[in-house]
Amino acid sequence: MSEQSSMGHIVWHDLLTTDVGQARQFYGELLGWTYEVEHAEDFVWKPGAADYPLILQGGEAHGGLVAIEPDQQSHWLAFVAVDNVDAAANRSEKLGGTIERTPFVIPGVGRSAVVRDPQGAVICPFVASHSYPAPTGVFLWDELFTMDIAGAQSFYEGVVSGTLAAVGASAIPKDLAIEPQWVPHIAVTDIDAATSKAVTLGARAIAPPDKRTGLGRSALLRDPTGALFAVLQPES
């Protein structure tokens, strides 16, 4: 997932989805992703072994797809590189967060935990057990939708013992039914075409393509399984 020079960066993404097959087809057709299925052990959502389709693009693995129960909400989950997982989890609790899963080892990958911030968004502190660099070029930016921007900034800076990189925070618009969460912005070359194609493939448009200062144009969508994500056409 990452080497520790990536401290403070989000270095991996998992899609926790109620329908792995549907998600694979949707993102494959929309973004050209291919997959390689691994049989892995001990994930963030539950202990035990399961199939784990890796997201492949450009010769790199960028994340994975995870099956969750039908009565759960599909969502993207981000892993942030920290100095020490146990210390980060403890800091999150002292700052008003909740430890959803205490620190544990992912065999051959690293050590992680699951923490929920005071507003309800979830993130995974992570320390790699290998020296592979973090993947680049697919997940360009991560945005925290929250009800308290200042409070969230203070919380996450405390958890990672510094500033998160390549992320932003936005207040949840009153006219949008969005729960607090981290949302990945995924690279596309034509934002209008990608948004239209996503809807044709079964996604729901939450916010249309719009200019994001310093980033490019992005659109907010829910995939066919209900997970919130964004597509981003970078500034040229």
# chains A, B, ... in the order shown; residues from 1 in each chain; ligands from 1
>>> closest_atom_pairs(of="range 194-233 of chain A", to="range 58-71 of chain A", cutoff="12 Å", atoms="only C-alpha atoms", output="CSV")
residue,atom,partner,partner_atom,distance
A:Thr225,CA,A:Pro70,CA,9.9
A:Gly226,CA,A:Pro70,CA,11.2
A:Ala227,CA,A:Leu65,CA,11.8
>>> residues_around(residues="Leu215 in chain A", least_positions_apart="5", cutoff="10 Å", atoms="only C-alpha atoms", output="JSON, numbers by chain")
{"A": [140, 141, 232, 233, 234, 235, 236]}
>>> select_by_dssp(residues="chain A", states="strand (DSSP E or B)", output="ChimeraX atom specification")
/A:9-17,34-41,49-57,60-67,75-81,98-106,110-116,122-128,139-146,165,167-171,181-187,204-212,216-222,228-234
>>> closest_residue(among="A:Ala78, A:Leu201, A:Ala89, A:Leu31", to="Val122 in chain A", atoms="only C-alpha atoms")
A:Ala78
>>> residues_around(residues="Pro180 in chain A", least_positions_apart="2", cutoff="6 Å", atoms="only C-alpha atoms", output="PyMOL selection string")
chain A and resi 120-121+145-146
>>> decode(residues="range 51-156 of chain A", atoms="C-alpha atoms", output="PDB file, in the first residue's frame")
ATOM      1  CA  ASP A  51     -11.782 -13.200  -1.988  1.00  0.00           C
ATOM      2  CA  TYR A  52     -10.439  -9.693  -2.562  1.00  0.00           C
ATOM      3  CA  PRO A  53     -10.583  -8.268  -6.121  1.00  0.00           C
ATOM      4  CA  LEU A  54      -7.710  -5.809  -6.523  1.00  0.00           C
ATOM      5  CA  ILE A  55      -8.390  -2.723  -8.671  1.00  0.00           C
ATOM      6  CA  LEU A  56      -5.811  -2.641 -11.474  1.00  0.00           C
ATOM      7  CA  GLN A  57      -4.971   0.209 -13.833  1.00  0.00           C
ATOM      8  CA  GLY A  58      -1.740   1.271 -15.476  1.00  0.00           C
ATOM      9  CA  GLY A  59       0.072  -1.807 -14.214  1.00  0.00           C
ATOM     10  CA  GLU A  60      -0.577  -0.965 -10.557  1.00  0.00           C
ATOM     11  CA  ALA A  61      -3.007  -2.041  -7.850  1.00  0.00           C
ATOM     12  CA  HIS A  62      -4.885   0.964  -6.471  1.00  0.00           C
ATOM     13  CA  GLY A  63      -7.423  -0.520  -4.073  1.00  0.00           C
ATOM     14  CA  GLY A  64      -9.816  -3.378  -3.595  1.00  0.00           C
ATOM     15  CA  LEU A  65     -13.450  -4.436  -3.501  1.00  0.00           C
ATOM     16  CA  VAL A  66     -14.979  -5.887  -0.373  1.00  0.00           C
ATOM     17  CA  ALA A  67     -18.296  -7.711   0.082  1.00  0.00           C
ATOM     18  CA  ILE A  68     -20.492  -6.463   2.939  1.00  0.00           C
ATOM     19  CA  GLU A  69     -23.913  -7.531   4.144  1.00  0.00           C
ATOM     20  CA  PRO A  70     -27.001  -6.533   2.094  1.00  0.00           C
ATOM     21  CA  ASP A  71     -28.410  -4.433   4.954  1.00  0.00           C
ATOM     22  CA  GLN A  72     -25.240  -2.303   5.186  1.00  0.00           C
ATOM     23  CA  GLN A  73     -24.466   0.910   3.280  1.00  0.00           C
ATOM     24  CA  SER A  74     -21.955   0.638   0.452  1.00  0.00           C
ATOM     25  CA  HIS A  75     -19.119   3.148   0.857  1.00  0.00           C
ATOM     26  CA  TRP A  76     -15.496   3.868   0.016  1.00  0.00           C
ATOM     27  CA  LEU A  77     -12.970   3.480   2.832  1.00  0.00           C
ATOM     28  CA  ALA A  78      -9.640   5.348   2.882  1.00  0.00           C
ATOM     29  CA  PHE A  79      -6.375   4.272   4.519  1.00  0.00           C
ATOM     30  CA  VAL A  80      -4.087   7.049   5.779  1.00  0.00           C
ATOM     31  CA  ALA A  81      -0.379   6.526   6.489  1.00  0.00           C
ATOM     32  CA  VAL A  82       0.491   7.358  10.111  1.00  0.00           C
ATOM     33  CA  ASP A  83       3.536   7.067  12.349  1.00  0.00           C
ATOM     34  CA  ASN A  84       2.042   4.407  14.632  1.00  0.00           C
ATOM     35  CA  VAL A  85      -1.382   2.787  14.287  1.00  0.00           C
ATOM     36  CA  ASP A  86      -1.894   2.118  17.987  1.00  0.00           C
ATOM     37  CA  ALA A  87      -0.947   5.669  18.932  1.00  0.00           C
ATOM     38  CA  ALA A  88      -3.156   7.113  16.172  1.00  0.00           C
ATOM     39  CA  ALA A  89      -6.152   5.074  17.348  1.00  0.00           C
ATOM     40  CA  ASN A  90      -5.587   6.224  20.925  1.00  0.00           C
ATOM     41  CA  ARG A  91      -5.302   9.844  19.793  1.00  0.00           C
ATOM     42  CA  SER A  92      -8.574   9.531  17.875  1.00  0.00           C
ATOM     43  CA  GLU A  93     -10.390   8.412  21.021  1.00  0.00           C
ATOM     44  CA  LYS A  94      -8.925  11.250  23.093  1.00  0.00           C
ATOM     45  CA  LEU A  95     -10.073  13.700  20.406  1.00  0.00           C
ATOM     46  CA  GLY A  96     -13.684  12.534  20.615  1.00  0.00           C
ATOM     47  CA  GLY A  97     -13.656   9.786  18.013  1.00  0.00           C
ATOM     48  CA  THR A  98     -14.540   6.120  18.328  1.00  0.00           C
ATOM     49  CA  ILE A  99     -12.348   3.093  17.699  1.00  0.00           C
ATOM     50  CA  GLU A 100     -14.523   0.873  15.524  1.00  0.00           C
ATOM     51  CA  ARG A 101     -11.885  -1.835  15.336  1.00  0.00           C
ATOM     52  CA  THR A 102      -8.801  -1.982  17.506  1.00  0.00           C
ATOM     53  CA  PRO A 103      -5.381  -2.209  15.786  1.00  0.00           C
ATOM     54  CA  PHE A 104      -4.734  -5.479  13.957  1.00  0.00           C
ATOM     55  CA  VAL A 105      -2.316  -6.969  11.444  1.00  0.00           C
ATOM     56  CA  ILE A 106      -3.167  -7.577   7.774  1.00  0.00           C
ATOM     57  CA  PRO A 107      -0.771 -10.427   6.890  1.00  0.00           C
ATOM     58  CA  GLY A 108       1.851  -9.360   4.368  1.00  0.00           C
ATOM     59  CA  VAL A 109       0.424  -5.847   4.117  1.00  0.00           C
ATOM     60  CA  GLY A 110       0.689  -3.925   7.377  1.00  0.00           C
ATOM     61  CA  ARG A 111      -1.064  -2.836  10.537  1.00  0.00           C
ATOM     62  CA  SER A 112      -4.325  -0.904  10.585  1.00  0.00           C
ATOM     63  CA  ALA A 113      -7.360   0.072  12.653  1.00  0.00           C
ATOM     64  CA  VAL A 114     -10.781   1.577  11.991  1.00  0.00           C
ATOM     65  CA  VAL A 115     -11.695   4.884  13.634  1.00  0.00           C
ATOM     66  CA  ARG A 116     -14.811   7.021  13.388  1.00  0.00           C
ATOM     67  CA  ASP A 117     -14.512  10.794  13.765  1.00  0.00           C
ATOM     68  CA  PRO A 118     -16.901  12.794  16.022  1.00  0.00           C
ATOM     69  CA  GLN A 119     -19.199  13.519  13.055  1.00  0.00           C
ATOM     70  CA  GLY A 120     -19.395   9.876  11.962  1.00  0.00           C
ATOM     71  CA  ALA A 121     -16.912   9.610   9.069  1.00  0.00           C
ATOM     72  CA  VAL A 122     -14.653   6.550   9.086  1.00  0.00           C
ATOM     73  CA  ILE A 123     -10.975   6.256   8.182  1.00  0.00           C
ATOM     74  CA  CYS A 124      -8.220   3.664   8.691  1.00  0.00           C
ATOM     75  CA  PRO A 125      -4.829   4.617  10.164  1.00  0.00           C
ATOM     76  CA  PHE A 126      -2.227   2.453   8.455  1.00  0.00           C
ATOM     77  CA  VAL A 127       1.444   1.459   8.687  1.00  0.00           C
ATOM     78  CA  ALA A 128       2.840  -0.712   5.885  1.00  0.00           C
ATOM     79  CA  SER A 129       4.943  -3.787   6.495  1.00  0.00           C
ATOM     80  CA  HIS A 130       6.613  -3.442   3.062  1.00  0.00           C
ATOM     81  CA  SER A 131       8.453  -0.779   1.073  1.00  0.00           C
ATOM     82  CA  TYR A 132       6.293  -0.540  -2.049  1.00  0.00           C
ATOM     83  CA  PRO A 133       5.401   3.058  -2.992  1.00  0.00           C
ATOM     84  CA  ALA A 134       1.789   4.195  -2.847  1.00  0.00           C
ATOM     85  CA  PRO A 135      -0.052   3.931  -6.193  1.00  0.00           C
ATOM     86  CA  THR A 136      -0.715   7.119  -8.136  1.00  0.00           C
ATOM     87  CA  GLY A 137      -2.823   8.428 -11.008  1.00  0.00           C
ATOM     88  CA  VAL A 138      -6.259   6.966 -10.236  1.00  0.00           C
ATOM     89  CA  PHE A 139      -7.410   8.320  -6.877  1.00  0.00           C
ATOM     90  CA  LEU A 140      -6.383  11.956  -7.211  1.00  0.00           C
ATOM     91  CA  TRP A 141      -7.941  13.596  -4.177  1.00  0.00           C
ATOM     92  CA  ASP A 142     -10.087  12.748  -1.160  1.00  0.00           C
ATOM     93  CA  GLU A 143     -12.828  14.993   0.219  1.00  0.00           C
ATOM     94  CA  LEU A 144     -14.330  14.827   3.679  1.00  0.00           C
ATOM     95  CA  PHE A 145     -18.002  15.734   3.806  1.00  0.00           C
ATOM     96  CA  THR A 146     -18.651  16.888   7.354  1.00  0.00           C
ATOM     97  CA  MET A 147     -20.889  19.044   9.509  1.00  0.00           C
ATOM     98  CA  ASP A 148     -17.928  20.709  11.265  1.00  0.00           C
ATOM     99  CA  ILE A 149     -14.951  21.631   9.059  1.00  0.00           C
ATOM    100  CA  ALA A 150     -12.863  23.242  11.799  1.00  0.00           C
ATOM    101  CA  GLY A 151     -13.503  20.387  14.199  1.00  0.00           C
ATOM    102  CA  ALA A 152     -12.679  17.816  11.527  1.00  0.00           C
ATOM    103  CA  GLN A 153      -9.393  19.518  10.651  1.00  0.00           C
ATOM    104  CA  SER A 154      -8.372  19.539  14.298  1.00  0.00           C
ATOM    105  CA  PHE A 155      -9.355  15.892  14.730  1.00  0.00           C
ATOM    106  CA  TYR A 156      -7.490  14.544  11.707  1.00  0.00           C
TER     107      TYR A 156
END
